[in-house]
file my_file.tsv (TSV, C-alpha atoms)
chain	number	residue	atom	x	y	z
Z	258	MET	CA	21.14	73.06	-27.85
Z	259	LYS	CA	24.28	74.33	-29.55
Z	260	GLU	CA	26.61	72.41	-31.86
Z	261	ALA	CA	29.77	71.37	-30.07
Z	262	LEU	CA	33.33	72.22	-31.01
Z	263	PHE	CA	36.10	69.65	-31.35
Z	264	TYR	CA	34.53	66.46	-32.66
Z	265	GLU	CA	34.62	64.24	-35.73
Z	266	LYS	CA	31.77	62.59	-37.61
Z	267	LEU	CA	32.08	58.81	-37.95
Z	268	LEU	CA	30.26	56.19	-39.97
Z	269	GLY	CA	26.80	55.13	-38.93
Z	270	GLU	CA	25.90	58.52	-37.44
Z	271	ARG	CA	28.44	58.09	-34.67
Z	272	VAL	CA	30.64	60.96	-33.47
Z	273	LEU	CA	34.04	61.09	-31.78
Z	274	CYS	CA	34.35	63.83	-29.15
Z	275	LEU	CA	37.83	65.37	-29.13
Z	276	LEU	CA	37.41	67.81	-26.24
Z	277	CYS	CA	38.95	65.68	-23.50
Z	278	PRO	CA	41.11	62.55	-23.25
Z	279	HIS	CA	38.11	60.24	-22.83
Z	280	SER	CA	37.56	60.53	-26.62
Z	281	CYS	CA	33.97	59.37	-26.29
Z	282	ASN	CA	32.67	57.48	-29.33
Z	283	ILE	CA	29.00	58.38	-29.11
Z	284	LYS	CA	26.18	56.69	-30.99
Z	285	GLU	CA	23.09	58.57	-32.16
Z	286	GLY	CA	20.88	59.61	-29.24
Z	287	ASP	CA	23.54	59.02	-26.58
Z	288	VAL	CA	25.71	61.35	-24.50
Z	289	GLY	CA	29.37	61.24	-23.54
Z	290	ILE	CA	30.81	60.61	-20.09
Z	291	CYS	CA	30.21	64.27	-19.16
Z	292	ARG	CA	26.45	63.81	-19.78
Z	293	VAL	CA	26.14	67.11	-21.69
Z	294	ARG	CA	27.51	66.35	-25.17
Z	295	ARG	CA	24.83	64.57	-27.16
Z	296	ASN	CA	24.80	62.95	-30.59
Z	297	GLU	CA	21.73	64.06	-32.53
Z	298	GLN	CA	21.53	62.53	-36.01
Z	299	GLY	CA	25.29	62.41	-36.43
Z	300	LEU	CA	26.02	65.89	-35.05
Z	301	LEU	CA	27.43	66.58	-31.58
Z	302	TYR	CA	25.51	69.12	-29.53
Z	303	VAL	CA	26.02	70.59	-26.06
Z	304	THR	CA	22.94	70.51	-23.86
Z	305	ASN	CA	24.28	72.76	-21.10
Z	306	TYR	CA	25.12	75.95	-23.01
Z	307	ALA	CA	24.56	78.98	-20.72
Z	308	LYS	CA	22.91	76.79	-18.08
Z	309	THR	CA	24.38	77.42	-14.64
Z	310	VAL	CA	23.69	75.40	-11.54
Z	311	THR	CA	24.81	78.13	-9.14
Z	312	ILE	CA	26.14	81.69	-9.17
Z	313	ASN	CA	27.71	83.62	-6.28
Z	314	ILE	CA	30.11	86.42	-5.43
Z	315	ASP	CA	33.10	84.94	-3.61
Z	316	PRO	CA	36.39	86.16	-2.20
Z	317	ILE	CA	39.01	85.18	-4.76
Z	318	GLU	CA	40.95	83.38	-2.03
Z	319	LYS	CA	38.15	80.79	-1.96
Z	320	LYS	CA	38.99	79.49	-5.46
Z	321	PRO	CA	41.78	79.18	-4.18
Z	322	LEU	CA	43.82	81.89	-5.87
Z	323	TYR	CA	46.27	83.61	-3.53
Z	324	HIS	CA	48.44	85.44	-6.07
Z	325	PHE	CA	45.80	86.81	-8.45
Z	326	TYR	CA	44.41	90.13	-7.21
Z	327	PRO	CA	44.21	89.07	-3.54
Z	328	ASN	CA	41.46	90.51	-1.37
Z	329	SER	CA	39.19	91.04	-4.38
Z	330	SER	CA	35.74	89.62	-5.13
Z	331	ILE	CA	34.95	87.36	-8.06
Z	332	LEU	CA	31.66	86.36	-9.66
Z	333	SER	CA	31.57	82.55	-9.68
Z	334	LEU	CA	29.33	80.21	-11.65
Z	335	GLY	CA	29.33	76.60	-12.77
Z	336	SER	CA	27.68	73.98	-14.94
Z	337	ASN	CA	25.86	70.78	-13.93
Z	338	SER	CA	28.53	68.43	-15.26
Z	339	CYS	CA	32.01	66.91	-14.95
Z	340	ASN	CA	34.21	64.69	-17.10
Z	341	LEU	CA	35.75	62.85	-14.13
Z	342	SER	CA	33.97	60.69	-11.55
Z	343	CYS	CA	35.96	61.17	-8.36
Z	344	ASP	CA	34.61	59.03	-5.53
Z	345	PHE	CA	35.63	61.79	-3.08
Z	346	CYS	CA	33.98	64.66	-4.99
Z	347	GLN	CA	33.36	67.63	-2.70
Z	348	ASN	CA	30.62	69.06	-4.97
Z	349	TYR	CA	29.01	65.79	-6.10
Z	350	THR	CA	25.42	67.04	-5.83
Z	351	ILE	CA	26.02	69.47	-8.71
Z	352	SER	CA	28.81	67.71	-10.62
Z	353	GLN	CA	27.73	64.06	-10.56
Z	354	MET	CA	23.94	64.41	-10.31
Z	355	GLU	CA	21.28	66.21	-12.28
Z	356	SER	CA	20.44	69.56	-10.68
Z	357	GLU	CA	18.19	72.48	-11.50
Z	358	THR	CA	19.80	75.17	-13.64
Z	359	ILE	CA	19.08	78.70	-14.82
Z	360	VAL	CA	20.13	80.31	-18.10
Z	361	ILE	CA	22.66	83.15	-18.01
Z	362	THR	CA	23.76	84.22	-21.48
Z	363	PRO	CA	27.20	85.76	-22.04
Z	364	GLU	CA	25.52	89.15	-22.42
Z	365	GLN	CA	23.62	88.69	-19.16
Z	366	LEU	CA	26.84	87.66	-17.42
Z	367	LEU	CA	28.58	90.83	-18.56
Z	368	LYS	CA	25.59	92.92	-17.47
Z	369	LEU	CA	25.64	91.26	-14.04
Z	370	CYS	CA	29.34	92.06	-13.61
Z	371	ARG	CA	28.63	95.70	-14.35
Z	372	GLN	CA	25.64	95.80	-12.00
Z	373	LYS	CA	27.66	94.28	-9.16
Z	374	ASN	CA	30.81	96.27	-9.98
Z	375	ILE	CA	32.77	93.02	-10.30
Z	376	ASN	CA	35.94	92.89	-12.40
Z	377	SER	CA	36.52	89.14	-12.63
Z	378	VAL	CA	34.57	85.95	-13.32
Z	379	ALA	CA	35.41	82.37	-12.30
Z	380	TYR	CA	34.10	79.28	-14.07
Z	381	THR	CA	34.18	76.94	-11.10
Z	382	TYR	CA	32.30	74.67	-8.65
Z	383	THR	CA	32.06	71.80	-11.17
Z	384	GLU	CA	34.15	71.26	-14.34
Z	385	PRO	CA	34.21	74.19	-16.78
Z	386	ILE	CA	35.85	72.06	-19.49
Z	387	THR	CA	32.47	70.38	-20.05
Z	388	TRP	CA	30.99	73.88	-20.44
Z	389	TYR	CA	33.54	74.66	-23.11
Z	390	GLU	CA	31.44	76.48	-25.73
Z	391	TYR	CA	29.83	78.75	-23.15
Z	392	VAL	CA	33.12	79.46	-21.38
Z	393	LEU	CA	34.80	80.30	-24.69
Z	394	GLU	CA	32.09	82.68	-25.92
Z	395	SER	CA	31.45	84.40	-22.61
Z	396	ALA	CA	35.17	84.72	-21.80
Z	397	LYS	CA	35.75	86.42	-25.17
Z	398	LEU	CA	33.01	88.93	-24.42
Z	399	LEU	CA	34.23	89.55	-20.89
Z	400	LYS	CA	37.82	90.08	-22.01
Z	401	GLU	CA	36.68	92.57	-24.65
Z	402	ASN	CA	35.08	94.54	-21.83
Z	403	GLY	CA	37.97	94.47	-19.40
Z	404	ILE	CA	36.72	91.67	-17.14
Z	405	LYS	CA	39.30	89.12	-15.92
Z	406	THR	CA	38.47	85.45	-16.47
Z	407	VAL	CA	39.43	82.50	-14.26
Z	408	LEU	CA	39.16	78.76	-14.84
Z	409	ILE	CA	39.05	76.38	-11.85
Z	410	SER	CA	39.56	73.03	-13.52
Z	411	ASN	CA	40.67	69.43	-13.22
Z	412	GLY	CA	42.86	70.01	-16.27
Z	413	TYR	CA	41.43	66.98	-18.09
Z	414	ILE	CA	41.33	68.47	-21.57
Z	415	ASN	CA	43.09	67.85	-24.86
Z	416	GLU	CA	45.86	70.18	-25.99
Z	417	LYS	CA	44.14	71.73	-29.02
Z	418	PRO	CA	40.97	72.93	-27.26
Z	419	LEU	CA	43.00	74.14	-24.29
Z	420	LEU	CA	45.27	76.23	-26.49
Z	421	HIS	CA	42.22	77.58	-28.33
Z	422	LEU	CA	40.68	78.72	-25.03
Z	423	LEU	CA	43.69	80.10	-23.16
Z	424	PRO	CA	43.96	83.46	-25.00
Z	425	TYR	CA	40.72	84.41	-23.24
Z	426	ILE	CA	41.66	83.10	-19.78
Z	427	ASP	CA	43.69	85.19	-17.33
Z	428	ALA	CA	44.19	82.67	-14.55
Z	429	MET	CA	43.71	78.99	-13.74
Z	430	ASN	CA	43.77	76.80	-10.70
Z	431	ILE	CA	44.27	73.19	-11.78
Z	432	ASP	CA	43.39	70.40	-9.38
Z	433	LEU	CA	46.29	67.95	-9.58
Z	434	LYS	CA	44.55	65.11	-7.78
Z	435	GLY	CA	47.44	62.66	-7.47
Z	436	MET	CA	50.73	61.65	-9.00
Z	437	SER	CA	49.94	58.18	-10.35
Z	438	ASP	CA	47.78	56.69	-13.06
Z	439	THR	CA	46.55	54.15	-10.50
Z	440	PHE	CA	45.09	56.94	-8.38
Z	441	TYR	CA	43.40	58.61	-11.34
Z	442	GLN	CA	42.05	55.34	-12.75
Z	443	ASN	CA	40.77	53.91	-9.48
Z	444	LEU	CA	39.41	57.03	-7.81
Z	445	CYS	CA	38.63	59.41	-10.69
Z	446	GLU	CA	38.12	57.26	-13.80
Z	447	GLY	CA	40.76	59.24	-15.66
Z	448	THR	CA	44.50	59.30	-16.30
Z	449	LEU	CA	47.36	61.44	-15.02
Z	450	GLN	CA	49.40	62.43	-18.08
Z	451	PRO	CA	46.83	64.75	-19.72
Z	452	VAL	CA	46.62	66.75	-16.49
Z	453	LEU	CA	50.39	67.14	-16.33
Z	454	GLU	CA	50.39	68.34	-19.94
Z	455	SER	CA	47.61	70.84	-19.19
Z	456	ILE	CA	49.66	72.23	-16.31
Z	457	ARG	CA	52.69	72.75	-18.55
Z	458	ILE	CA	50.57	74.44	-21.21
Z	459	ALA	CA	48.68	76.66	-18.73
Z	460	ALA	CA	51.91	77.70	-17.00
Z	461	ALA	CA	53.21	79.05	-20.29
Z	462	ASN	CA	50.03	80.95	-21.14
Z	463	CYS	CA	48.35	82.37	-18.01
Z	464	HIS	CA	48.62	82.82	-14.27
Z	465	LEU	CA	48.52	79.36	-12.67
Z	466	GLU	CA	48.06	77.91	-9.21
Z	467	ILE	CA	47.75	74.23	-8.22
Z	468	THR	CA	45.53	72.48	-5.69
Z	469	ASN	CA	46.15	69.00	-4.31
Z	470	LEU	CA	43.49	67.46	-2.05
Z	471	LEU	CA	45.35	65.07	0.25
Z	472	ILE	CA	43.41	61.85	0.86
Z	473	PRO	CA	44.79	59.55	3.57
Z	474	LYS	CA	46.54	56.43	2.21
Z	475	GLN	CA	45.67	57.34	-1.38
Z	476	ASN	CA	47.86	60.25	-2.55
Z	477	ASP	CA	49.63	61.46	0.59
Z	478	SER	CA	52.76	59.28	0.75
Z	479	ILE	CA	56.21	60.85	0.95
Z	480	ASP	CA	56.85	59.53	-2.55
Z	481	ASP	CA	53.66	61.19	-3.86
Z	482	LEU	CA	54.57	64.49	-2.23
Z	483	ASN	CA	58.10	64.42	-3.61
Z	484	LYS	CA	56.86	63.60	-7.11
Z	485	LEU	CA	54.35	66.47	-7.05
Z	486	THR	CA	56.94	68.90	-5.72
Z	487	ASP	CA	59.55	67.87	-8.27
Z	488	PHE	CA	57.07	68.15	-11.14
Z	489	ILE	CA	55.92	71.66	-10.21
Z	490	ALA	CA	59.49	72.77	-9.56
Z	491	ASP	CA	60.43	71.56	-13.04
Z	492	VAL	CA	57.59	73.58	-14.59
Z	493	ASN	CA	58.11	76.72	-12.49
Z	494	LYS	CA	59.06	76.77	-8.81
Z	495	ASP	CA	57.08	80.01	-8.33
Z	496	ILE	CA	53.69	78.40	-9.13
Z	497	PRO	CA	51.71	78.52	-5.85
Z	498	VAL	CA	50.63	75.10	-4.56
Z	499	HIS	CA	47.70	74.60	-2.20
Z	500	PHE	CA	47.55	71.36	-0.18
Z	501	SER	CA	43.93	70.99	0.88
Z	502	ARG	CA	42.47	68.94	3.71
Z	503	TYR	CA	40.10	66.15	2.65
Z	504	TYR	CA	36.86	65.45	4.50
Z	505	PRO	CA	34.62	62.38	3.93
Z	506	GLN	CA	32.28	63.08	1.03
Z	507	TYR	CA	30.26	61.32	-1.67
Z	508	GLN	CA	31.34	57.66	-1.91
Z	509	ARG	CA	34.42	57.82	0.33
Z	510	ASP	CA	34.32	57.69	4.13
Z	511	THR	CA	38.06	57.78	4.85
Z	512	GLU	CA	38.93	59.83	7.92
Z	513	PRO	CA	39.88	63.50	7.32
Z	514	THR	CA	43.48	64.35	6.50
Z	515	SER	CA	45.56	64.84	9.64
Z	516	TYR	CA	47.32	68.11	10.32
Z	517	THR	CA	50.58	66.14	10.56
Z	518	THR	CA	50.17	64.98	6.95
Z	519	LEU	CA	49.38	68.50	5.78
Z	520	GLN	CA	52.39	69.87	7.62
Z	521	THR	CA	54.61	67.20	6.10
Z	522	ALA	CA	53.39	68.14	2.62
Z	523	TYR	CA	54.05	71.80	3.39
Z	524	GLU	CA	57.59	71.14	4.58
Z	525	ILE	CA	58.50	68.89	1.64
Z	526	ALA	CA	57.16	71.33	-0.94
Z	527	LYS	CA	58.80	74.37	0.68
Z	528	ARG	CA	62.22	72.85	0.06
Z	529	LYS	CA	61.85	73.45	-3.67
Z	530	LEU	CA	58.81	75.70	-4.22
Z	531	SER	CA	58.49	79.41	-3.49
Z	532	TYR	CA	54.85	79.54	-2.41
Z	533	VAL	CA	53.13	76.69	-0.55
Z	534	TYR	CA	49.82	76.88	1.33
Z	535	LEU	CA	47.52	74.70	3.41
Z	536	GLY	CA	43.79	74.87	2.77
Z	537	ASN	CA	40.51	73.70	4.26
Z	538	ILE	CA	42.03	73.93	7.73
Z	539	LEU	CA	42.73	76.74	10.19
Z	540	THR	CA	46.43	77.52	10.55
Z	541	GLU	CA	48.37	80.48	11.89
Z	542	THR	CA	51.02	80.88	9.19
Z	543	GLU	CA	50.57	78.35	6.36
Z	544	THR	CA	48.06	80.51	4.51
Z	545	ASN	CA	50.29	83.60	4.59
Z	546	THR	CA	52.48	84.74	1.72
Z	547	TYR	CA	56.14	85.41	2.50
Z	548	CYS	CA	58.85	86.73	0.24
Z	549	PRO	CA	60.84	83.68	-0.90
Z	550	ASN	CA	64.01	85.79	-0.89
Z	551	CYS	CA	63.95	87.56	2.50
Z	552	ASN	CA	60.96	85.92	4.24
Z	553	THR	CA	59.16	89.23	4.79
Z	554	LEU	CA	55.43	88.82	5.44
Z	555	LEU	CA	53.62	90.08	2.33
Z	556	ILE	CA	50.02	88.89	2.74
Z	557	GLU	CA	48.41	87.72	5.97
Z	558	ARG	CA	45.26	85.62	5.63
Z	559	ASN	CA	42.55	84.84	8.13
Z	560	SER	CA	40.10	82.43	6.53
Z	561	PHE	CA	39.27	84.15	3.22
Z	562	ASN	CA	40.27	87.63	4.37
Z	563	ALA	CA	43.59	88.89	3.05
Z	564	HIS	CA	45.63	91.76	4.49
Z	565	ILE	CA	48.39	93.00	2.20
Z	566	PHE	CA	51.67	94.31	3.62
Z	567	ASN	CA	55.06	95.14	2.18
Z	568	LEU	CA	54.13	94.80	-1.49
Z	569	LYS	CA	54.97	97.44	-4.08
Z	570	GLY	CA	53.17	96.28	-7.17
Z	571	ASN	CA	54.60	92.82	-7.83
Z	572	LYS	CA	57.72	93.33	-5.69
Z	573	CYS	CA	58.64	92.80	-2.07
Z	574	ALA	CA	58.93	96.22	-0.46
Z	575	ASN	CA	61.84	95.03	1.66
Z	576	CYS	CA	64.19	93.47	-0.93
Z	577	SER	CA	62.53	94.22	-4.31
Z	578	HIS	CA	62.24	90.51	-5.14
Z	579	GLN	CA	59.71	89.88	-7.94
Z	580	ILE	CA	56.65	88.08	-6.53
Z	581	TYR	CA	54.79	85.66	-8.80
Z	582	GLY	CA	51.26	86.80	-9.61
Z	583	GLN	CA	49.05	89.76	-10.35
Z	584	PHE	CA	48.51	92.38	-7.66
Z	585	ASN	CA	46.77	95.72	-7.53
Z	586	PRO	CA	49.19	98.66	-7.83
Z	587	THR	CA	50.15	100.29	-4.53
call {"tool": "encode", "arguments": {"input": "my_file.tsv", "output": "structure tokens"}}
result
Amino acid sequence: MKEALFYEKLLGERVLCLLCPHSCNIKEGDVGICRVRRNEQGLLYVTNYAKTVTINIDPIEKKPLYHFYPNSSILSLGSNSCNLSCDFCQNYTISQMESETIVITPEQLLKLCRQKNINSVAYTYTEPITWYEYVLESAKLLKENGIKTVLISNGYINEKPLLHLLPYIDAMNIDLKGMSDTFYQNLCEGTLQPVLESIRIAAANCHLEITNLLIPKQNDSIDDLNKLTDFIADVNKDIPVHFSRYYPQYQRDTEPTSYTTLQTAYEIAKRKLSYVYLGNILTETETNTYCPNCNTLLIERNSFNAHIFNLKGNKCANCSHQIYGQFNPT
């Protein structure tokens, strides 16, 4: 085990975890909501340091990241933990349940990147915030060696630890699950405001994209869609937003999201946002990237395959409009 960052010692050998908004007050011998931060004799330790539940090489579009080195591969790994308890969790067998893990030290992770000729790493699949100490140390090492680092997160983290981590993170995709406290409390056992704050902070410090999983009759109303669109537009209208189709999973058996709902979300968001996409569903055009100024096709996507056209660096080749994101020079 490794001593945790961001906690306070309390009387009676209790500790107060300050990593995320749950602020778990943990008695000796117990763990916090995330299951991996344990109080041992009045000190807070992490039990999951360097322990990964899965590791793969993915197309970066799968994260999803559409504006961060499209058509590249990324080494992806995740921990056996989460600090939310979403009843619709798409990866519940590794986020909500105990699973077998293997140890991959930061040095081993760097070595693996070099062996596989991979230039970026994603902390993903579950919740990397609960893997904080490992993410921080390995991301520092990777950055020192020219490897890009990506965080795929629910954004449920306090401001101080987030700001401490962001200098070592190149890109994030934050899962904005809904636009009401009622949704977060009833379906995720969390709250909305900390996620909104994380989005504002991340937008000012790294490349950012947003995912919203649309669940029928829960977070897909016209009011919800307008609120999400207005919030992102207020932060930065160029932040790409991915509306993803829900399928029944874990504790929720609601029918899958209809294409009509997804198309409605797309149309509402496109009124104010530059880059809007539909995910987890096959579409002909709603995964493509178009110039928001002249509507020239820039990137055509078929599943997770991206074909780049009409881009000169970060600019549209047709009208020279600056395109949000990071792209390989052409």
call {"tool": "residues_around", "arguments": {"input": "my_file.tsv", "residues": "Asn430 of chain Z", "least_positions_apart": "4", "cutoff": "6 Å", "atoms": "all atoms listed in the file", "output": "list in words"}}
result
Ile409, Leu465, Glu466 and Ile467 of chain Z
call {"tool": "write_last_selection", "arguments": {"input": "my_file.tsv", "atoms": "C-alpha atoms", "output": "tab-separated table (two decimals), in the frame of the given file"}}
result
chain	number	residue	atom	x	y	z
Z	409	ILE	CA	39.05	76.38	-11.85
Z	465	LEU	CA	48.52	79.36	-12.67
Z	466	GLU	CA	48.06	77.91	-9.21
Z	467	ILE	CA	47.75	74.23	-8.22
call {"tool": "atom_distance", "arguments": {"input": "my_file.tsv", "atom1": "atom CA of Thr309 of chain Z", "atom2": "atom CA of Glu357 of chain Z"}}
result
8.5 Å
call {"tool": "closest_residue", "arguments": {"input": "my_file.tsv", "among": "Z:Leu470, Z:Ile538, Z:Leu453, Z:Ile283", "to": "Gln347 of chain Z", "atoms": "all atoms listed in the file"}}
result
Z:Leu470
call {"tool": "residues_around", "arguments": {"input": "my_file.tsv", "residues": "Ala261 of chain Z", "least_positions_apart": "5", "cutoff": "10 Å", "atoms": "all atoms listed in the file", "output": "mmCIF file with C-alpha atoms, in the frame of the given file"}}
result
data_model
loop_
_atom_site.group_PDB
_atom_site.id
_atom_site.type_symbol
_atom_site.label_atom_id
_atom_site.label_comp_id
_atom_site.auth_asym_id
_atom_site.auth_seq_id
_atom_site.Cartn_x
_atom_site.Cartn_y
_atom_site.Cartn_z
ATOM 1 C CA CYS Z 274 34.350 63.830 -29.150
ATOM 2 C CA LEU Z 276 37.410 67.810 -26.240
ATOM 3 C CA ARG Z 294 27.510 66.350 -25.170
ATOM 4 C CA ARG Z 295 24.830 64.570 -27.160
ATOM 5 C CA ASN Z 296 24.800 62.950 -30.590
ATOM 6 C CA LEU Z 300 26.020 65.890 -35.050
ATOM 7 C CA LEU Z 301 27.430 66.580 -31.580
ATOM 8 C CA TYR Z 302 25.510 69.120 -29.530
ATOM 9 C CA VAL Z 303 26.020 70.590 -26.060
ATOM 10 C CA THR Z 304 22.940 70.510 -23.860
ATOM 11 C CA TYR Z 306 25.120 75.950 -23.010
ATOM 12 C CA TYR Z 389 33.540 74.660 -23.110
ATOM 13 C CA GLU Z 390 31.440 76.480 -25.730
#
call {"tool": "residues_around", "arguments": {"input": "my_file.tsv", "residues": "Pro497 of chain Z", "least_positions_apart": "3", "cutoff": "10 Å", "atoms": "all atoms listed in the file", "output": "ChimeraX atom specification"}}
result
/Z:322-324,430,464-468,489,493-494,530-534,546,581-582
call {"tool": "residues_around", "arguments": {"input": "my_file.tsv", "residues": "Leu449 of chain Z", "least_positions_apart": "6", "cutoff": "7 Å", "atoms": "all atoms listed in the file", "output": "tab-separated table (two decimals) with C-alpha atoms, in the frame of the given file"}}
result
chain	number	residue	atom	x	y	z
Z	436	MET	CA	50.73	61.65	-9.00
Z	437	SER	CA	49.94	58.18	-10.35
Z	438	ASP	CA	47.78	56.69	-13.06
Z	441	TYR	CA	43.40	58.61	-11.34
call {"tool": "atom_distance", "arguments": {"input": "my_file.tsv", "atom1": "atom CA of Glu524 of chain Z", "atom2": "atom CA of Leu485 of chain Z"}}
result
12.9 Å
call {"tool": "closest_residue", "arguments": {"input": "my_file.tsv", "among": "Z:Leu519, Z:Ile404, Z:Leu471, Z:Val378", "to": "Lys434 of chain Z", "atoms": "only C-alpha atoms"}}
result
Z:Leu471
call {"tool": "decode", "arguments": {"input": "my_file.tsv", "residues": "segment 401-421 of chain Z", "atoms": "N, CA and C atoms", "output": "mmCIF file, in the first residue's frame"}}
result
data_model
loop_
_atom_site.group_PDB
_atom_site.id
_atom_site.type_symbol
_atom_site.label_atom_id
_atom_site.label_comp_id
_atom_site.auth_asym_id
_atom_site.auth_seq_id
_atom_site.Cartn_x
_atom_site.Cartn_y
_atom_site.Cartn_z
ATOM 1 N N GLU Z 401 7.582 13.453 -18.980
ATOM 2 C CA GLU Z 401 9.022 13.700 -19.060
ATOM 3 C C GLU Z 401 9.647 12.993 -20.251
ATOM 4 N N ASN Z 402 8.989 11.941 -20.720
ATOM 5 C CA ASN Z 402 9.516 11.156 -21.832
ATOM 6 C C ASN Z 402 8.706 11.329 -23.123
ATOM 7 N N GLY Z 403 7.964 12.405 -23.208
ATOM 8 C CA GLY Z 403 7.290 12.749 -24.444
ATOM 9 C C GLY Z 403 6.033 11.971 -24.765
ATOM 10 N N ILE Z 404 5.457 11.297 -23.775
ATOM 11 C CA ILE Z 404 4.232 10.529 -23.976
ATOM 12 C C ILE Z 404 3.030 11.371 -23.549
ATOM 13 N N LYS Z 405 2.013 11.474 -24.402
ATOM 14 C CA LYS Z 405 0.799 12.218 -24.078
ATOM 15 C C LYS Z 405 -0.045 11.431 -23.067
ATOM 16 N N THR Z 406 -0.737 12.162 -22.200
ATOM 17 C CA THR Z 406 -1.543 11.518 -21.164
ATOM 18 C C THR Z 406 -2.987 11.996 -21.245
ATOM 19 N N VAL Z 407 -3.915 11.047 -21.084
ATOM 20 C CA VAL Z 407 -5.340 11.316 -21.255
ATOM 21 C C VAL Z 407 -6.105 10.756 -20.062
ATOM 22 N N LEU Z 408 -7.067 11.521 -19.573
ATOM 23 C CA LEU Z 408 -7.890 11.123 -18.442
ATOM 24 C C LEU Z 408 -9.341 11.030 -18.911
ATOM 25 N N ILE Z 409 -9.933 9.839 -18.804
ATOM 26 C CA ILE Z 409 -11.350 9.648 -19.125
ATOM 27 C C ILE Z 409 -12.069 9.505 -17.789
ATOM 28 N N SER Z 410 -12.822 10.531 -17.400
ATOM 29 C CA SER Z 410 -13.237 10.650 -16.004
ATOM 30 C C SER Z 410 -14.681 11.102 -15.861
ATOM 31 N N ASN Z 411 -15.242 10.815 -14.669
ATOM 32 C CA ASN Z 411 -16.559 11.347 -14.340
ATOM 33 C C ASN Z 411 -16.481 12.774 -13.799
ATOM 34 N N GLY Z 412 -15.270 13.283 -13.600
ATOM 35 C CA GLY Z 412 -15.094 14.647 -13.144
ATOM 36 C C GLY Z 412 -15.448 14.884 -11.693
ATOM 37 N N TYR Z 413 -15.643 13.815 -10.925
ATOM 38 C CA TYR Z 413 -16.065 13.966 -9.520
ATOM 39 C C TYR Z 413 -14.834 14.016 -8.628
ATOM 40 N N ILE Z 414 -14.230 15.204 -8.596
ATOM 41 C CA ILE Z 414 -12.979 15.408 -7.880
ATOM 42 C C ILE Z 414 -12.976 16.826 -7.324
ATOM 43 N N ASN Z 415 -12.303 17.030 -6.218
ATOM 44 C CA ASN Z 415 -12.195 18.365 -5.644
ATOM 45 C C ASN Z 415 -11.217 19.223 -6.438
ATOM 46 N N GLU Z 416 -11.347 20.521 -6.293
ATOM 47 C CA GLU Z 416 -10.566 21.462 -7.098
ATOM 48 C C GLU Z 416 -9.067 21.342 -6.858
ATOM 49 N N LYS Z 417 -8.639 21.265 -5.620
ATOM 50 C CA LYS Z 417 -7.204 21.263 -5.324
ATOM 51 C C LYS Z 417 -6.484 20.062 -5.934
ATOM 52 N N PRO Z 418 -6.973 18.834 -5.724
ATOM 53 C CA PRO Z 418 -6.281 17.707 -6.380
ATOM 54 C C PRO Z 418 -6.355 17.741 -7.898
ATOM 55 N N LEU Z 419 -7.439 18.267 -8.444
ATOM 56 C CA LEU Z 419 -7.533 18.359 -9.901
ATOM 57 C C LEU Z 419 -6.480 19.317 -10.446
ATOM 58 N N LEU Z 420 -6.362 20.471 -9.828
ATOM 59 C CA LEU Z 420 -5.364 21.444 -10.282
ATOM 60 C C LEU Z 420 -3.947 20.927 -10.096
ATOM 61 N N HIS Z 421 -3.728 20.108 -9.081
ATOM 62 C CA HIS Z 421 -2.410 19.522 -8.848
ATOM 63 C C HIS Z 421 -2.056 18.504 -9.937
#
